[in-house]
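Q: Following this line is protein34.pdb, made up of PDB, C-alpha atoms:
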```pdb
ATOM      1  CA  MET A 414       5.933 174.638-141.153
ATOM      2  CA  GLN A 415       6.726 178.340-140.951
ATOM      3  CA  TYR A 416      10.300 179.646-141.083
ATOM      4  CA  ARG A 417      11.526 182.761-139.357
ATOM      5  CA  THR A 418      14.773 184.698-139.226
ATOM      6  CA  LEU A 419      16.797 183.925-136.092
ATOM      7  CA  GLY A 420      17.257 187.409-134.654
ATOM      8  CA  ARG A 421      19.426 189.422-137.035
ATOM      9  CA  THR A 422      21.584 186.488-138.162
ATOM     10  CA  GLY A 423      19.816 185.884-141.473
ATOM     11  CA  VAL A 424      19.512 182.184-140.579
ATOM     12  CA  GLN A 425      16.054 180.745-141.257
ATOM     13  CA  VAL A 426      14.711 178.387-138.589
ATOM     14  CA  SER A 427      11.427 176.531-138.194
ATOM     15  CA  SER A 428       8.787 177.970-135.874
ATOM     16  CA  LEU A 429       8.860 174.669-133.984
ATOM     17  CA  ALA A 430      12.258 173.296-132.996
ATOM     18  CA  LEU A 431      13.273 169.911-131.627
ATOM     19  CA  GLY A 432      14.560 169.916-128.057
ATOM     20  CA  ALA A 433      16.575 166.783-127.272
ATOM     21  CA  MET A 434      16.522 166.808-123.469
ATOM     22  CA  ASN A 435      14.484 163.587-123.415
ATOM     23  CA  PHE A 436      17.012 161.650-125.484
ATOM     24  CA  GLY A 437      18.707 159.060-123.286
ATOM     25  CA  ARG A 438      18.281 158.441-119.596
ATOM     26  CA  ILE A 439      16.093 161.488-118.828
ATOM     27  CA  GLY A 440      13.307 160.351-121.148
ATOM     28  CA  ARG A 441      14.353 156.693-121.150
ATOM     29  CA  THR A 442      14.761 156.959-124.925
ATOM     30  CA  THR A 443      16.887 154.511-126.915
ATOM     31  CA  GLN A 444      19.081 155.483-129.848
ATOM     32  CA  ASP A 445      16.617 153.969-132.318
ATOM     33  CA  GLU A 446      13.771 155.937-130.756
ATOM     34  CA  ALA A 447      15.785 159.153-130.772
ATOM     35  CA  THR A 448      16.745 158.653-134.419
ATOM     36  CA  ALA A 449      13.097 158.011-135.323
ATOM     37  CA  VAL A 450      12.087 161.267-133.627
ATOM     38  CA  VAL A 451      14.797 163.189-135.494
ATOM     39  CA  ASP A 452      13.737 161.573-138.787
ATOM     40  CA  ALA A 453      10.108 162.521-138.196
ATOM     41  CA  ALA A 454      11.050 166.066-137.139
ATOM     42  CA  LEU A 455      13.045 166.672-140.292
ATOM     43  CA  GLU A 456      10.280 165.201-142.442
ATOM     44  CA  GLY A 457       7.842 167.536-140.696
ATOM     45  CA  GLY A 458       9.905 170.590-141.625
ATOM     46  CA  ILE A 459      11.796 171.167-138.374
ATOM     47  CA  ASN A 460      15.357 172.287-139.103
ATOM     48  CA  LEU A 461      16.603 173.353-135.645
ATOM     49  CA  ILE A 462      17.743 170.790-133.049
ATOM     50  CA  ASP A 463      18.693 171.965-129.566
ATOM     51  CA  THR A 464      20.513 169.920-126.935
ATOM     52  CA  ALA A 465      22.934 170.530-124.039
ATOM     53  CA  ASP A 466      26.042 168.960-122.578
ATOM     54  CA  MET A 467      24.374 168.090-119.266
ATOM     55  CA  TYR A 468      21.326 166.320-120.711
ATOM     56  CA  GLY A 469      21.933 162.770-119.558
ATOM     57  CA  GLY A 470      25.540 163.633-118.772
ATOM     58  CA  GLY A 471      26.336 164.010-122.486
ATOM     59  CA  GLU A 472      24.118 161.149-123.645
ATOM     60  CA  SER A 473      21.699 163.438-125.486
ATOM     61  CA  GLU A 474      24.499 164.993-127.534
ATOM     62  CA  GLU A 475      25.818 161.561-128.450
ATOM     63  CA  MET A 476      22.369 160.423-129.600
ATOM     64  CA  VAL A 477      21.779 163.599-131.579
ATOM     65  CA  GLY A 478      25.168 163.176-133.255
ATOM     66  CA  LYS A 479      24.357 159.640-134.371
ATOM     67  CA  ALA A 480      20.866 160.636-135.500
ATOM     68  CA  ILE A 481      22.056 163.488-137.733
ATOM     69  CA  ALA A 482      25.079 161.704-139.209
ATOM     70  CA  GLY A 483      25.248 162.295-142.953
ATOM     71  CA  ARG A 484      22.878 165.259-142.969
ATOM     72  CA  ARG A 485      24.628 167.827-140.799
ATOM     73  CA  ASP A 486      24.348 170.624-143.356
ATOM     74  CA  ASP A 487      20.552 170.402-143.371
ATOM     75  CA  ILE A 488      20.296 171.164-139.656
ATOM     76  CA  VAL A 489      20.757 174.257-137.514
ATOM     77  CA  LEU A 490      22.464 172.590-134.556
ATOM     78  CA  ALA A 491      22.424 174.174-131.110
ATOM     79  CA  THR A 492      23.832 173.066-127.783
ATOM     80  CA  LYS A 493      24.489 174.598-124.379
ATOM     81  CA  ALA A 494      27.064 174.597-121.587
ATOM     82  CA  GLY A 495      27.364 175.990-118.082
ATOM     83  CA  LEU A 496      25.416 173.702-115.777
ATOM     84  CA  PRO A 497      27.463 171.195-113.718
ATOM     85  CA  MET A 498      29.083 168.270-115.513
ATOM     86  CA  GLY A 499      30.181 166.393-112.407
ATOM     87  CA  ASP A 500      31.430 167.280-108.952
ATOM     88  CA  ASP A 501      34.549 169.215-109.962
ATOM     89  CA  PRO A 502      33.841 172.898-109.193
ATOM     90  CA  ASN A 503      35.558 173.933-112.440
ATOM     91  CA  HIS A 504      33.445 171.629-114.609
ATOM     92  CA  ARG A 505      30.649 174.172-114.810
ATOM     93  CA  GLY A 506      30.036 177.878-115.297
ATOM     94  CA  SER A 507      31.070 180.157-118.138
ATOM     95  CA  SER A 508      34.782 180.746-117.589
ATOM     96  CA  ARG A 509      37.102 180.631-120.584
ATOM     97  CA  ARG A 510      38.816 177.600-119.069
ATOM     98  CA  TRP A 511      35.616 175.574-118.974
ATOM     99  CA  LEU A 512      33.942 176.760-122.172
ATOM    100  CA  VAL A 513      36.977 176.002-124.342
ATOM    101  CA  THR A 514      37.275 172.534-122.837
ATOM    102  CA  GLU A 515      33.579 171.688-122.831
ATOM    103  CA  LEU A 516      32.917 172.852-126.375
ATOM    104  CA  ASP A 517      35.515 170.355-127.581
ATOM    105  CA  ASN A 518      33.761 167.688-125.513
ATOM    106  CA  SER A 519      30.404 168.604-127.072
ATOM    107  CA  LEU A 520      31.809 168.561-130.601
ATOM    108  CA  ARG A 521      33.270 165.120-129.959
ATOM    109  CA  ARG A 522      29.986 163.782-128.593
ATOM    110  CA  LEU A 523      28.016 165.300-131.479
ATOM    111  CA  GLY A 524      30.529 164.075-134.062
ATOM    112  CA  VAL A 525      30.778 167.477-135.770
ATOM    113  CA  ASP A 526      33.431 170.140-136.247
ATOM    114  CA  HIS A 527      31.188 173.083-135.308
ATOM    115  CA  VAL A 528      27.806 173.980-133.859
ATOM    116  CA  ASP A 529      25.612 176.708-135.266
ATOM    117  CA  LEU A 530      24.509 178.091-131.901
ATOM    118  CA  TYR A 531      26.371 177.735-128.603
ATOM    119  CA  GLN A 532      24.392 178.908-125.585
ATOM    120  CA  ILE A 533      25.295 179.692-121.985
ATOM    121  CA  HIS A 534      22.798 177.517-120.130
ATOM    122  CA  ARG A 535      22.391 179.837-117.137
ATOM    123  CA  TRP A 536      23.860 183.158-116.086
ATOM    124  CA  ASP A 537      27.007 182.531-114.047
ATOM    125  CA  PRO A 538      27.349 185.199-111.307
ATOM    126  CA  GLU A 539      30.932 184.074-110.626
ATOM    127  CA  THR A 540      32.189 185.008-114.106
ATOM    128  CA  SER A 541      32.342 188.433-115.744
ATOM    129  CA  ASP A 542      30.593 189.108-119.031
ATOM    130  CA  GLU A 543      33.917 190.136-120.553
ATOM    131  CA  GLU A 544      35.496 186.786-119.662
ATOM    132  CA  THR A 545      32.638 184.785-121.171
ATOM    133  CA  LEU A 546      32.101 186.907-124.265
ATOM    134  CA  SER A 547      35.830 187.006-124.981
ATOM    135  CA  ALA A 548      36.020 183.204-124.902
ATOM    136  CA  LEU A 549      32.920 182.836-127.079
ATOM    137  CA  THR A 550      34.225 185.394-129.570
ATOM    138  CA  ASP A 551      37.514 183.496-129.894
ATOM    139  CA  LEU A 552      35.659 180.196-130.375
ATOM    140  CA  GLN A 553      33.572 181.844-133.065
ATOM    141  CA  ARG A 554      36.652 183.172-134.835
ATOM    142  CA  ALA A 555      38.184 179.698-134.650
ATOM    143  CA  GLY A 556      35.184 178.376-136.589
ATOM    144  CA  LYS A 557      33.946 176.073-133.827
ATOM    145  CA  ILE A 558      30.699 178.005-133.353
ATOM    146  CA  ARG A 559      28.796 180.183-135.781
ATOM    147  CA  TYR A 560      26.767 182.187-133.236
ATOM    148  CA  PHE A 561      26.309 182.279-129.483
ATOM    149  CA  GLY A 562      23.409 183.006-127.180
ATOM    150  CA  SER A 563      22.119 182.928-123.623
ATOM    151  CA  SER A 564      19.538 180.757-121.919
ATOM    152  CA  THR A 565      17.183 181.717-119.090
ATOM    153  CA  PHE A 566      19.003 184.972-118.329
ATOM    154  CA  PRO A 567      17.193 187.611-116.259
ATOM    155  CA  ALA A 568      16.350 190.658-118.341
ATOM    156  CA  HIS A 569      18.932 192.871-116.652
ATOM    157  CA  ARG A 570      21.685 190.326-117.442
ATOM    158  CA  VAL A 571      20.634 190.241-121.091
ATOM    159  CA  VAL A 572      21.036 194.019-121.185
ATOM    160  CA  GLN A 573      24.341 193.970-119.291
ATOM    161  CA  ALA A 574      25.819 191.402-121.675
ATOM    162  CA  GLN A 575      24.849 193.523-124.679
ATOM    163  CA  TRP A 576      26.571 196.539-123.176
ATOM    164  CA  ALA A 577      29.646 194.514-122.214
ATOM    165  CA  ALA A 578      29.976 193.298-125.799
ATOM    166  CA  ARG A 579      29.819 196.853-127.082
ATOM    167  CA  GLU A 580      32.200 198.240-124.445
ATOM    168  CA  HIS A 581      34.868 195.593-125.017
ATOM    169  CA  ARG A 582      34.301 195.239-128.783
ATOM    170  CA  LEU A 583      33.377 191.566-128.513
ATOM    171  CA  GLY A 584      30.809 189.368-130.208
ATOM    172  CA  ARG A 585      27.366 189.532-128.644
ATOM    173  CA  TYR A 586      24.646 187.098-127.741
ATOM    174  CA  VAL A 587      22.269 186.869-130.686
ATOM    175  CA  THR A 588      19.638 184.659-129.017
ATOM    176  CA  GLU A 589      17.949 184.097-125.675
ATOM    177  CA  GLN A 590      16.191 180.889-124.599
ATOM    178  CA  PRO A 591      13.595 181.578-121.868
ATOM    179  CA  SER A 592      10.852 179.418-120.407
ATOM    180  CA  TYR A 593       7.477 180.592-121.756
ATOM    181  CA  SER A 594       3.982 179.167-121.845
ATOM    182  CA  ILE A 595       0.385 180.177-121.246
ATOM    183  CA  LEU A 596       0.854 179.225-117.589
ATOM    184  CA  GLN A 597       4.224 180.965-117.164
ATOM    185  CA  ARG A 598       3.996 184.395-118.792
ATOM    186  CA  GLY A 599       6.394 186.355-116.596
ATOM    187  CA  VAL A 600       8.933 186.849-119.389
ATOM    188  CA  GLU A 601       6.411 189.069-121.157
ATOM    189  CA  THR A 602       7.066 191.698-118.501
ATOM    190  CA  HIS A 603      10.812 192.207-118.941
ATOM    191  CA  VAL A 604      12.677 189.553-120.947
ATOM    192  CA  LEU A 605      10.724 189.612-124.209
ATOM    193  CA  PRO A 606      10.660 193.427-124.456
ATOM    194  CA  VAL A 607      14.446 193.406-123.981
ATOM    195  CA  THR A 608      15.000 190.761-126.663
ATOM    196  CA  GLU A 609      12.916 192.822-129.070
ATOM    197  CA  GLU A 610      14.901 195.950-128.207
ATOM    198  CA  TYR A 611      18.209 194.235-129.025
ATOM    199  CA  GLY A 612      16.994 192.172-131.954
ATOM    200  CA  LEU A 613      17.628 188.789-130.343
ATOM    201  CA  GLY A 614      16.191 185.555-131.643
ATOM    202  CA  VAL A 615      14.067 183.833-128.996
ATOM    203  CA  LEU A 616      13.821 180.052-128.638
ATOM    204  CA  VAL A 617      11.287 179.325-125.910
ATOM    205  CA  TRP A 618      11.448 176.154-123.851
ATOM    206  CA  SER A 619       8.673 174.325-122.001
ATOM    207  CA  PRO A 620       5.838 175.800-124.115
ATOM    208  CA  LEU A 621       3.670 172.899-122.892
ATOM    209  CA  ALA A 622       4.518 173.765-119.263
ATOM    210  CA  SER A 623       6.164 170.437-118.397
ATOM    211  CA  GLY A 624       3.146 168.546-119.660
ATOM    212  CA  TRP A 625       0.425 170.631-118.028
ATOM    213  CA  LEU A 626      -0.699 171.760-121.508
ATOM    214  CA  SER A 627      -0.241 168.436-123.282
ATOM    215  CA  GLY A 628      -3.795 167.271-122.618
ATOM    216  CA  ALA A 629      -2.599 164.558-120.240
ATOM    217  CA  VAL A 630      -3.304 166.569-117.078
ATOM    218  CA  ARG A 631      -7.022 167.018-116.460
ATOM    219  CA  ALA A 632      -9.347 167.264-113.474
ATOM    220  CA  GLY A 633     -10.547 163.947-112.098
ATOM    221  CA  ARG A 634      -7.819 162.041-113.918
ATOM    222  CA  GLU A 635      -4.755 160.459-112.357
ATOM    223  CA  ILE A 636      -1.592 162.305-113.384
ATOM    224  CA  THR A 637       0.775 159.718-114.831
ATOM    225  CA  THR A 638       3.123 161.717-117.059
ATOM    226  CA  SER A 639       6.865 161.029-117.011
ATOM    227  CA  ARG A 640       7.480 164.538-115.713
ATOM    228  CA  SER A 641       5.042 164.067-112.820
ATOM    229  CA  ALA A 642       6.882 160.887-111.847
ATOM    230  CA  ALA A 643      10.215 162.704-111.860
ATOM    231  CA  MET A 644       8.977 165.862-110.124
ATOM    232  CA  PRO A 645       5.834 164.955-108.153
ATOM    233  CA  GLN A 646       5.871 168.201-106.149
ATOM    234  CA  ARG A 647       5.101 170.145-109.338
ATOM    235  CA  PHE A 648       1.878 168.197-109.802
ATOM    236  CA  ASP A 649       0.737 167.878-106.193
ATOM    237  CA  LEU A 650      -2.786 169.312-106.255
ATOM    238  CA  SER A 651      -2.639 170.180-102.566
ATOM    239  CA  VAL A 652      -0.215 172.967-103.564
ATOM    240  CA  PRO A 653      -2.164 176.178-104.362
ATOM    241  CA  SER A 654      -0.103 177.046-107.452
ATOM    242  CA  ASN A 655      -0.726 173.589-108.908
ATOM    243  CA  ARG A 656      -4.426 173.888-108.204
ATOM    244  CA  ALA A 657      -4.410 177.241-110.001
ATOM    245  CA  ARG A 658      -2.687 175.630-112.967
ATOM    246  CA  LEU A 659      -5.249 172.848-113.136
ATOM    247  CA  ASP A 660      -8.111 175.339-112.976
ATOM    248  CA  ALA A 661      -6.530 177.286-115.856
ATOM    249  CA  VAL A 662      -5.967 174.098-117.871
ATOM    250  CA  GLU A 663      -9.640 173.163-117.545
ATOM    251  CA  ARG A 664     -10.730 176.569-118.840
ATOM    252  CA  LEU A 665      -8.140 176.437-121.624
ATOM    253  CA  ALA A 666      -9.333 172.985-122.668
ATOM    254  CA  VAL A 667     -12.866 174.338-123.105
ATOM    255  CA  LEU A 668     -11.509 177.274-125.118
ATOM    256  CA  ALA A 669      -9.466 174.959-127.359
ATOM    257  CA  ASP A 670     -12.464 172.726-127.973
ATOM    258  CA  GLU A 671     -14.652 175.695-128.892
ATOM    259  CA  ALA A 672     -11.972 176.859-131.331
ATOM    260  CA  GLY A 673     -11.686 173.409-132.901
ATOM    261  CA  LEU A 674      -8.135 172.932-131.636
ATOM    262  CA  THR A 675      -6.277 170.512-129.440
ATOM    263  CA  LEU A 676      -4.818 171.865-126.216
ATOM    264  CA  ILE A 677      -1.349 171.377-127.729
ATOM    265  CA  GLN A 678      -2.289 173.472-130.742
ATOM    266  CA  LEU A 679      -3.637 176.191-128.463
ATOM    267  CA  ALA A 680      -0.480 176.174-126.316
ATOM    268  CA  LEU A 681       2.021 176.205-129.181
ATOM    269  CA  GLY A 682      -0.034 178.632-131.241
ATOM    270  CA  PHE A 683      -0.032 180.995-128.279
ATOM    271  CA  VAL A 684       3.747 181.169-127.773
ATOM    272  CA  THR A 685       4.575 181.360-131.480
ATOM    273  CA  ALA A 686       2.095 184.218-131.885
ATOM    274  CA  HIS A 687       4.205 186.564-129.758
ATOM    275  CA  PRO A 688       6.202 188.869-132.064
ATOM    276  CA  ALA A 689       9.370 188.383-130.007
ATOM    277  CA  VAL A 690       9.348 184.579-130.325
ATOM    278  CA  THR A 691      11.257 182.893-133.139
ATOM    279  CA  SER A 692      10.712 179.216-132.319
ATOM    280  CA  ALA A 693       9.085 177.042-129.682
ATOM    281  CA  LEU A 694      11.150 174.066-128.531
ATOM    282  CA  VAL A 695       9.193 170.822-128.245
ATOM    283  CA  GLY A 696      10.731 167.893-126.386
ATOM    284  CA  PRO A 697       8.960 164.686-127.453
ATOM    285  CA  ARG A 698       9.956 161.254-126.169
ATOM    286  CA  THR A 699       8.180 159.413-128.987
ATOM    287  CA  THR A 700       7.197 160.004-132.601
ATOM    288  CA  ASP A 701       3.540 160.030-131.522
ATOM    289  CA  HIS A 702       4.291 162.932-129.179
ATOM    290  CA  LEU A 703       6.169 164.698-131.975
ATOM    291  CA  ASN A 704       3.392 164.235-134.514
ATOM    292  CA  ALA A 705       0.851 165.754-132.124
ATOM    293  CA  GLN A 706       3.140 168.738-131.679
ATOM    294  CA  VAL A 707       4.078 169.219-135.340
ATOM    295  CA  ALA A 708       0.337 169.297-136.079
ATOM    296  CA  ALA A 709       0.380 172.714-134.382
ATOM    297  CA  ALA A 710       2.999 174.156-136.752
ATOM    298  CA  ASP A 711       0.470 176.005-138.899
ATOM    299  CA  THR A 712      -1.856 177.012-136.063
ATOM    300  CA  VAL A 713      -2.744 180.707-136.132
ATOM    301  CA  LEU A 714      -4.884 181.881-133.221
ATOM    302  CA  SER A 715      -7.471 184.570-133.795
ATOM    303  CA  ALA A 716      -7.479 187.771-131.779
ATOM    304  CA  ASP A 717     -10.619 186.562-129.991
ATOM    305  CA  VAL A 718      -8.898 183.354-128.868
ATOM    306  CA  LEU A 719      -5.789 185.244-127.728
ATOM    307  CA  ASP A 720      -8.009 187.653-125.774
ATOM    308  CA  ALA A 721      -9.761 184.701-124.148
ATOM    309  CA  ILE A 722      -6.392 183.263-123.104
ATOM    310  CA  ASP A 723      -5.517 186.625-121.541
ATOM    311  CA  ALA A 724      -8.741 186.438-119.531
ATOM    312  CA  ILE A 725      -7.729 183.029-118.154
ATOM    313  CA  VAL A 726      -4.066 183.824-117.401
ATOM    314  CA  ALA A 727      -3.281 187.533-117.343
ATOM    315  CA  PRO A 728      -0.333 188.811-119.426
ATOM    316  CA  GLY A 729       2.942 188.801-117.511
ATOM    317  CA  THR A 730       1.644 186.342-114.902
ATOM    318  CA  ASP A 731       3.476 183.237-113.675
ATOM    319  CA  LEU A 732       1.094 180.768-112.058
ATOM    320  CA  ALA A 733       4.087 179.031-110.469
ATOM    321  CA  ALA A 734       6.536 181.848-109.886
ATOM    322  CA  HIS A 735       8.638 179.724-107.517
ATOM    323  CA  GLU A 736       9.614 177.480-110.434
ATOM    324  CA  LYS A 737      11.320 180.258-112.363
ATOM    325  CA  PHE A 738      14.967 179.718-113.275
ATOM    326  CA  ASP A 739      15.940 183.356-113.841
ATOM    327  CA  THR A 740      15.276 184.647-110.328
ATOM    328  CA  PRO A 741      18.080 186.932-109.059
ATOM    329  CA  PRO A 742      20.225 185.015-106.545
ATOM    330  CA  ALA A 743      19.574 187.565-103.799
ATOM    331  CA  LEU A 744      15.897 186.628-103.782
ATOM    332  CA  LEU A 745      16.779 183.011-103.082
ATOM    333  CA  ASP A 746      19.652 183.391-100.597
ATOM    334  CA  PRO A 747      18.971 185.724 -97.638
ATOM    335  CA  ALA A 748      22.708 186.166 -97.047
ATOM    336  CA  LEU A 749      22.996 188.013-100.360
ATOM    337  CA  ARG A 750      20.569 190.724 -99.309
ATOM    338  CA  ARG A 751      22.016 191.451 -95.860
ATOM    339  CA  ARG A 752      25.129 193.321 -94.854
TER     340      ARG A 752
END
```
For the structure just supplied, provide its representation as structure tokens.

A:
Amino acid sequence: MQYRTLGRTGVQVSSLALGAMNFGRIGRTTQDEATAVVDAALEGGINLIDTADMYGGGESEEMVGKAIAGRRDDIVLATKAGLPMGDDPNHRGSSRRWLVTELDNSLRRLGVDHVDLYQIHRWDPETSDEETLSALTDLQRAGKIRYFGSSTFPAHRVVQAQWAAREHRLGRYVTEQPSYSILQRGVETHVLPVTEEYGLGVLVWSPLASGWLSGAVRAGREITTSRSAAMPQRFDLSVPSNRARLDAVERLAVLADEAGLTLIQLALGFVTAHPAVTSALVGPRTTDHLNAQVAAADTVLSADVLDAIDAIVAPGTDLAAHEKFDTPPALLDPALRRR
């Protein structure tokens, strides 16, 4: 396992990190299974665990808390807030009112007195940067969080938040967590250059593209992954973008085989090769899944292999642009672009 500095914090984190979204009802994972995955991750050298309040309605945080009991100091613990936690319109977003309340809820579920990294799960257009950063700065000074970051922010919002922190003399986001894989490379155009400019640590999610790059999705084979069952439209091969993904996967599989690698090793080696990326978050449901992913920890792709990947999916290209989570609201809601 390689270790890298998380932005400019001085904290050393593993190049692969454990994402806990599948713990609980989302991945149909029991506590014993979740604990086994955490045990195996730590044994494999992973020292960063990332979860969120809304994963399973808090169930993931509870499972992570039980799994790490007695070894908290050995783990860089990250969680997130901002996405809805119920129907109440104030139980979401990044207002001071909600963040102060929900952090206490997360700490209780995790069974800890602080988290190392607290992340705003999505940019909240209803709340000013000053409001959010002020609340996060106060929580940091209170010792409840060590650092704070953003997740899936558009590049211009990353920049705006940095300037707001400077203007109002507040703490700043020190990390960004974007979606990034061989099949979804759009962040190379704007987000990753911005994170490099501001010295942010980058924790990328979905490096296996929701299972497309796991080796389980191949031409002529029935798609039976848990993600395809939950979101069948993302794997419907009558959709042109999905067909394009499958065509790319087939070419990537040949490339991986020629390089003596698994498709997982190729996919994880690709994202961790980018100089802006600190860690790639893997989200296994089982220890077998985890072991296949940890096997990629020391994968270093040659320049020839990286060039061949570029020839299959061009730099800065999203094969499924409509699945992006950082699209400006005005591109999704016509009312926001009309007077």

Q: Work out where the centre of an axis-aligned box around every listed atom of range 484-496 of chain A lies and how long its edges are once 6 Å is added on each side; give both in Å to one decimal as lines of an AutoDock Vina configuration file.

A:
```
center_x = 23.8
center_y = 170.6
center_z = -129.6
size_x = 19.1
size_y = 22.7
size_z = 39.6
```

Q: State, in Å with one decimal place, the distance from CA of Gly457 in chain A to CA of Gly562 in chain A.

A: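 It comes out at 25.8 Å.
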
Q: Each residue of range 547-659 of chain A with at least one atom at most 6 Å from range 686-703 of chain A should appear once, together with its nearest atom pair and the corresponding distance in Å (one decimal); atoms considered: all atoms listed in the file; ordering: chain, then increasing residue number; output as a Markdown table.

A:
```
| residue | atom | partner | partner_atom | distance |
| --- | --- | --- | --- | --- |
| A:Glu609 | CA | A:Ala689 | CA | 5.8 |
| A:Gly614 | CA | A:Thr691 | CA | 5.8 |
| A:Val615 | CA | A:Val690 | CA | 5.0 |
| A:Leu616 | CA | A:Ser692 | CA | 4.9 |
| A:Val617 | CA | A:Ala693 | CA | 4.9 |
| A:Trp618 | CA | A:Leu694 | CA | 5.1 |
```

Q: Tell me which residues the PyMOL selection byres ((chain A and resi 511-521) around 8) grabs here, as a PyMOL selection string.

A: chain A and resi 466+471+474+492+494-495+503-510+522-528+548-549+552

Q: One decimal, Å: what's the distance from CA of Ile722 in chain A over to CA of Ala672 in chain A, could you say?

A: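 Pair CA of Ile722 in chain A / CA of Ala672 in chain A returns 11.8 Å.
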
Q: Would you list the contacts of Phe738 in chain A as a list of chain:residue names, taking every protein, DNA or RNA residue within 10 Å and counting only C-alpha atoms, but skipping same-chain residues closer than 4 positions in sequence?

A: A:Arg535, A:Trp536, A:Ser564, A:Thr565, A:Phe566, A:Pro567, A:Pro591, A:Ser592, A:Ala734

Q: Here's the selection I'm unsure about, the PyMOL selection byres ((chain A and resi 732) around 9); applied to the file above, which residues does it give, as a PyMOL selection string?

A: chain A and resi 596-599+654-655+657-658+726+730-731+733-735

Q: Taking the point (8.8, 163.9, -119.3) as given in the file, collect each protein or nucleic acid residue that comes within 12 Å of it, counting only C-alpha atoms, and present the set as a VMD selection string.

A: chain A and resid 433 to 442 619 621 to 625 627 629 637 to 645 695 to 699 702

Q: Taking the file as I've supplied it (selection: the PyMOL selection byres ((chain A and resi 584) around 12)), which residues are included? Please answer as a VMD selection string.

A: chain A and resid 542 to 554 558 to 562 574 to 583 585 to 587

Q: How far is it from CA of Ala447 in chain A to CA of Phe683 in chain A, in Å with one decimal?

A: 27.1 Å

Q: Check the smallest atom-to-atom distance from each of A:His534, A:Arg484, A:Lys479, A:Arg750 to Ala465 in chain A using all atoms listed in the file, then report the winner.

A: A:His534

Q: Which is closest to Thr443 in chain A among A:Met476, A:Ala669, A:Asp463, A:Ala430, if we use all atoms listed in the file?

A: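 Closest candidate: A:Met476.
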
Q: Just the residues within 7 Å of Leu461 in chain A, please, counting all atoms listed in the file, with nothing from its chain fewer than 6 positions along; format it as a PDB file with C-alpha atoms, in the frame of the given file.

A:
```pdb
ATOM      1  CA  VAL A 426      14.711 178.387-138.589  1.00  0.00           C
ATOM      2  CA  SER A 427      11.427 176.531-138.194  1.00  0.00           C
ATOM      3  CA  ALA A 430      12.258 173.296-132.996  1.00  0.00           C
ATOM      4  CA  LEU A 431      13.273 169.911-131.627  1.00  0.00           C
ATOM      5  CA  ILE A 488      20.296 171.164-139.656  1.00  0.00           C
ATOM      6  CA  VAL A 489      20.757 174.257-137.514  1.00  0.00           C
ATOM      7  CA  LEU A 490      22.464 172.590-134.556  1.00  0.00           C
TER       8      LEU A 490
END
```
